[in-house]
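With PDB, C-alpha atoms, pLDDT in the B column inside, this is target-v4.pdb:
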```
ATOM      1  CA  MET A   1     -28.846  46.290  29.265  1.00 39.00           C
ATOM      2  CA  GLY A   2     -26.678  49.249  28.370  1.00 40.00           C
ATOM      3  CA  LYS A   3     -26.492  52.646  29.966  1.00 38.00           C
ATOM      4  CA  LYS A   4     -29.857  54.383  29.648  1.00 37.00           C
ATOM      5  CA  CYS A   5     -32.440  56.104  31.863  1.00 37.00           C
ATOM      6  CA  THR A   6     -35.573  55.007  33.667  1.00 37.00           C
ATOM      7  CA  GLY A   7     -38.136  56.303  36.021  1.00 38.00           C
ATOM      8  CA  GLY A   8     -40.068  54.729  38.781  1.00 37.00           C
ATOM      9  CA  ASP A   9     -40.039  55.145  42.476  1.00 37.00           C
ATOM     10  CA  ASN A  10     -40.120  52.867  45.420  1.00 36.00           C
ATOM     11  CA  LYS A  11     -41.355  54.732  48.438  1.00 34.00           C
ATOM     12  CA  LYS A  12     -41.828  51.501  50.398  1.00 35.00           C
ATOM     13  CA  THR A  13     -38.758  49.861  51.885  1.00 32.00           C
ATOM     14  CA  SER A  14     -39.470  46.261  52.719  1.00 34.00           C
ATOM     15  CA  GLU A  15     -38.292  44.751  55.956  1.00 35.00           C
ATOM     16  CA  LYS A  16     -38.895  41.259  54.605  1.00 38.00           C
ATOM     17  CA  LYS A  17     -36.003  38.836  54.693  1.00 41.00           C
ATOM     18  CA  GLY A  18     -35.999  35.124  54.112  1.00 43.00           C
ATOM     19  CA  LYS A  19     -35.888  32.312  51.628  1.00 52.00           C
ATOM     20  CA  GLY A  20     -37.699  32.722  48.350  1.00 60.00           C
ATOM     21  CA  VAL A  21     -37.773  36.501  48.572  1.00 57.00           C
ATOM     22  CA  GLU A  22     -35.868  38.044  45.694  1.00 82.00           C
ATOM     23  CA  GLY A  23     -34.493  41.479  46.389  1.00 89.00           C
ATOM     24  CA  VAL A  24     -32.331  44.090  44.734  1.00 90.00           C
ATOM     25  CA  GLY A  25     -30.052  46.702  46.261  1.00 89.00           C
ATOM     26  CA  GLU A  26     -30.904  49.867  44.383  1.00 88.00           C
ATOM     27  CA  SER A  27     -29.764  53.371  43.757  1.00 89.00           C
ATOM     28  CA  ALA A  28     -31.736  55.941  41.827  1.00 88.00           C
ATOM     29  CA  VAL A  29     -31.807  59.490  40.564  1.00 87.00           C
ATOM     30  CA  LYS A  30     -35.287  60.974  40.982  1.00 85.00           C
ATOM     31  CA  CYS A  31     -36.430  64.209  39.364  1.00 79.00           C
ATOM     32  CA  ASN A  32     -39.855  65.742  39.999  1.00 74.00           C
ATOM     33  CA  GLY A  33     -39.757  69.471  39.392  1.00 60.00           C
ATOM     34  CA  LYS A  34     -37.044  69.194  36.747  1.00 58.00           C
ATOM     35  CA  GLY A  35     -39.135  66.541  35.000  1.00 67.00           C
ATOM     36  CA  SER A  36     -37.791  64.387  32.246  1.00 76.00           C
ATOM     37  CA  LYS A  37     -35.307  67.072  31.157  1.00 83.00           C
ATOM     38  CA  GLY A  38     -33.517  66.891  34.501  1.00 85.00           C
ATOM     39  CA  THR A  39     -33.484  63.117  34.388  1.00 87.00           C
ATOM     40  CA  LEU A  40     -32.175  63.111  30.836  1.00 88.00           C
ATOM     41  CA  LYS A  41     -29.376  65.478  31.871  1.00 91.00           C
ATOM     42  CA  ALA A  42     -28.539  63.067  34.687  1.00 91.00           C
ATOM     43  CA  ALA A  43     -28.533  60.132  32.263  1.00 91.00           C
ATOM     44  CA  THR A  44     -26.210  62.015  29.931  1.00 93.00           C
ATOM     45  CA  ALA A  45     -23.829  62.658  32.840  1.00 94.00           C
ATOM     46  CA  VAL A  46     -23.792  58.935  33.707  1.00 93.00           C
ATOM     47  CA  ASN A  47     -23.269  58.001  30.069  1.00 92.00           C
ATOM     48  CA  GLU A  48     -20.352  60.448  29.882  1.00 95.00           C
ATOM     49  CA  GLY A  49     -18.627  58.610  32.725  1.00 94.00           C
ATOM     50  CA  GLN A  50     -19.617  60.472  35.885  1.00 94.00           C
ATOM     51  CA  THR A  51     -20.116  58.203  38.881  1.00 94.00           C
ATOM     52  CA  PHE A  52     -23.713  57.347  39.695  1.00 94.00           C
ATOM     53  CA  ASN A  53     -23.551  58.607  43.277  1.00 93.00           C
ATOM     54  CA  LYS A  54     -22.216  62.019  42.166  1.00 94.00           C
ATOM     55  CA  VAL A  55     -24.964  62.318  39.548  1.00 93.00           C
ATOM     56  CA  ALA A  56     -27.583  61.401  42.162  1.00 92.00           C
ATOM     57  CA  GLN A  57     -26.248  64.098  44.503  1.00 92.00           C
ATOM     58  CA  GLU A  58     -26.439  66.718  41.776  1.00 91.00           C
ATOM     59  CA  TYR A  59     -29.778  65.868  40.151  1.00 89.00           C
ATOM     60  CA  SER A  60     -31.990  64.066  42.685  1.00 88.00           C
ATOM     61  CA  GLU A  61     -34.795  65.884  44.449  1.00 83.00           C
ATOM     62  CA  ASP A  62     -35.455  63.526  47.356  1.00 81.00           C
ATOM     63  CA  LYS A  63     -33.598  61.163  49.693  1.00 78.00           C
ATOM     64  CA  ALA A  64     -31.649  59.879  46.671  1.00 80.00           C
ATOM     65  CA  LYS A  65     -29.800  63.229  46.797  1.00 84.00           C
ATOM     66  CA  ALA A  66     -27.578  61.664  49.471  1.00 86.00           C
ATOM     67  CA  GLY A  67     -25.864  59.541  46.797  1.00 88.00           C
ATOM     68  CA  GLY A  68     -28.753  57.612  45.314  1.00 89.00           C
ATOM     69  CA  SER A  69     -28.912  54.583  47.595  1.00 90.00           C
ATOM     70  CA  LEU A  70     -32.445  53.334  48.258  1.00 89.00           C
ATOM     71  CA  GLY A  71     -31.388  50.176  50.083  1.00 91.00           C
ATOM     72  CA  TRP A  72     -32.757  46.679  49.513  1.00 92.00           C
ATOM     73  CA  MET A  73     -36.175  46.230  47.936  1.00 92.00           C
ATOM     74  CA  VAL A  74     -38.244  43.126  47.281  1.00 93.00           C
ATOM     75  CA  ARG A  75     -40.796  42.423  44.578  1.00 92.00           C
ATOM     76  CA  GLY A  76     -44.106  44.004  45.475  1.00 93.00           C
ATOM     77  CA  SER A  77     -42.562  46.900  47.390  1.00 93.00           C
ATOM     78  CA  MET A  78     -42.143  49.143  44.326  1.00 94.00           C
ATOM     79  CA  VAL A  79     -44.495  50.671  41.786  1.00 95.00           C
ATOM     80  CA  GLY A  80     -44.863  48.658  38.556  1.00 95.00           C
ATOM     81  CA  PRO A  81     -42.587  50.415  36.047  1.00 95.00           C
ATOM     82  CA  PHE A  82     -39.863  50.985  38.651  1.00 94.00           C
ATOM     83  CA  GLN A  83     -39.962  47.353  39.762  1.00 95.00           C
ATOM     84  CA  GLU A  84     -39.886  46.025  36.195  1.00 95.00           C
ATOM     85  CA  ALA A  85     -36.863  48.156  35.350  1.00 95.00           C
ATOM     86  CA  ALA A  86     -35.027  47.305  38.576  1.00 94.00           C
ATOM     87  CA  PHE A  87     -35.423  43.540  38.255  1.00 94.00           C
ATOM     88  CA  ALA A  88     -34.402  43.634  34.571  1.00 95.00           C
ATOM     89  CA  LEU A  89     -31.032  45.237  35.343  1.00 95.00           C
ATOM     90  CA  THR A  90     -27.691  43.559  35.809  1.00 95.00           C
ATOM     91  CA  PRO A  91     -25.982  44.579  39.065  1.00 96.00           C
ATOM     92  CA  SER A  92     -23.216  47.143  38.632  1.00 96.00           C
ATOM     93  CA  THR A  93     -21.145  49.668  40.598  1.00 95.00           C
ATOM     94  CA  VAL A  94     -21.372  53.440  40.976  1.00 92.00           C
ATOM     95  CA  ASP A  95     -18.078  53.784  39.096  1.00 94.00           C
ATOM     96  CA  LYS A  96     -19.296  51.734  36.117  1.00 93.00           C
ATOM     97  CA  PRO A  97     -23.090  51.913  36.352  1.00 94.00           C
ATOM     98  CA  ILE A  98     -25.539  50.063  34.167  1.00 94.00           C
ATOM     99  CA  VAL A  99     -28.741  52.073  34.343  1.00 92.00           C
ATOM    100  CA  SER A 100     -32.262  51.499  33.114  1.00 92.00           C
ATOM    101  CA  PRO A 101     -34.092  53.254  30.282  1.00 85.00           C
ATOM    102  CA  LEU A 102     -36.081  56.342  31.356  1.00 87.00           C
ATOM    103  CA  VAL A 103     -39.263  55.353  33.188  1.00 83.00           C
ATOM    104  CA  LYS A 104     -41.961  57.686  34.448  1.00 89.00           C
ATOM    105  CA  THR A 105     -44.159  56.888  37.431  1.00 91.00           C
ATOM    106  CA  ASN A 106     -46.603  58.941  39.457  1.00 89.00           C
ATOM    107  CA  PHE A 107     -43.624  59.856  41.682  1.00 88.00           C
ATOM    108  CA  GLY A 108     -41.552  61.412  38.896  1.00 88.00           C
ATOM    109  CA  TYR A 109     -38.798  60.389  36.502  1.00 90.00           C
ATOM    110  CA  HIS A 110     -35.976  58.057  37.496  1.00 90.00           C
ATOM    111  CA  ILE A 111     -32.686  56.511  36.518  1.00 91.00           C
ATOM    112  CA  ILE A 112     -32.180  53.196  38.311  1.00 94.00           C
ATOM    113  CA  MET A 113     -29.012  51.251  39.031  1.00 95.00           C
ATOM    114  CA  VAL A 114     -28.989  47.876  40.799  1.00 95.00           C
ATOM    115  CA  GLU A 115     -26.013  47.292  43.088  1.00 94.00           C
ATOM    116  CA  GLY A 116     -26.756  43.674  43.993  1.00 95.00           C
ATOM    117  CA  ARG A 117     -29.243  40.808  44.241  1.00 92.00           C
ATOM    118  CA  ARG A 118     -30.162  38.401  46.989  1.00 89.00           C
TER     119      ARG A 118
END
```

In structure tokens, how does this file's structure come out?
Amino acid sequence: MGKKCTGGDNKKTSEKKGKGVEGVGESAVKCNGKGSKGTLKAATAVNEGQTFNKVAQEYSEDKAKAGGSLGWMVRGSMVGPFQEAAFALTPSTVDKPIVSPLVKTNFGYHIIMVEGRR
């Protein structure tokens, strides 16, 4: 997938670890009050070469404001559209992020980047 935007939120952080549990290390930009316009501005900034963590600090409206990191998540710990987007992404880095298409959930609009899989 190329650089795009997505929305979805994962308020639940799973503590599950073990064999057979697929997880992703995620970062996200989440915009509520700014709505899709704020998220689209964030996506444009990423697409123009700004680092993902800097964009998250500038545009996020929740804990992602600290650089975007949401930690490790497993299937079933995220809302549907967010989970689908996260598990479809190829892992990347904050300097050269690959982000999801814009996805809206009941938590707001999001841009997701996956940092790793396990």

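Among the candidates A:Val55, A:Leu89, A:Met73, A:Cys31, the one nearest to Asn106 in chain A when counting only C-alpha atoms is A:Cys31.
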
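Atom pair CA of Phe87 in chain A / CA of Gly68 in chain A: separated by 17.1 Å.
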
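Across the model, the gap from CA of Ala45 in chain A to CA of Arg118 in chain A is 28.8 Å.
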
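You will find CA of Val29 in chain A at 12.3 Å from CA of Thr44 in chain A.
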
Report as a PyMOL selection string the residues that result from applying the PyMOL selection byres ((chain A and resi 47-50) around 10) to the structure here. chain A and resi 2-5+41-46+51-55+94-99

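Shortest atom-to-atom contact with Ala64 in chain A among A:His110, A:Lys37, A:Arg117, A:Lys104: A:His110, counting only C-alpha atoms.
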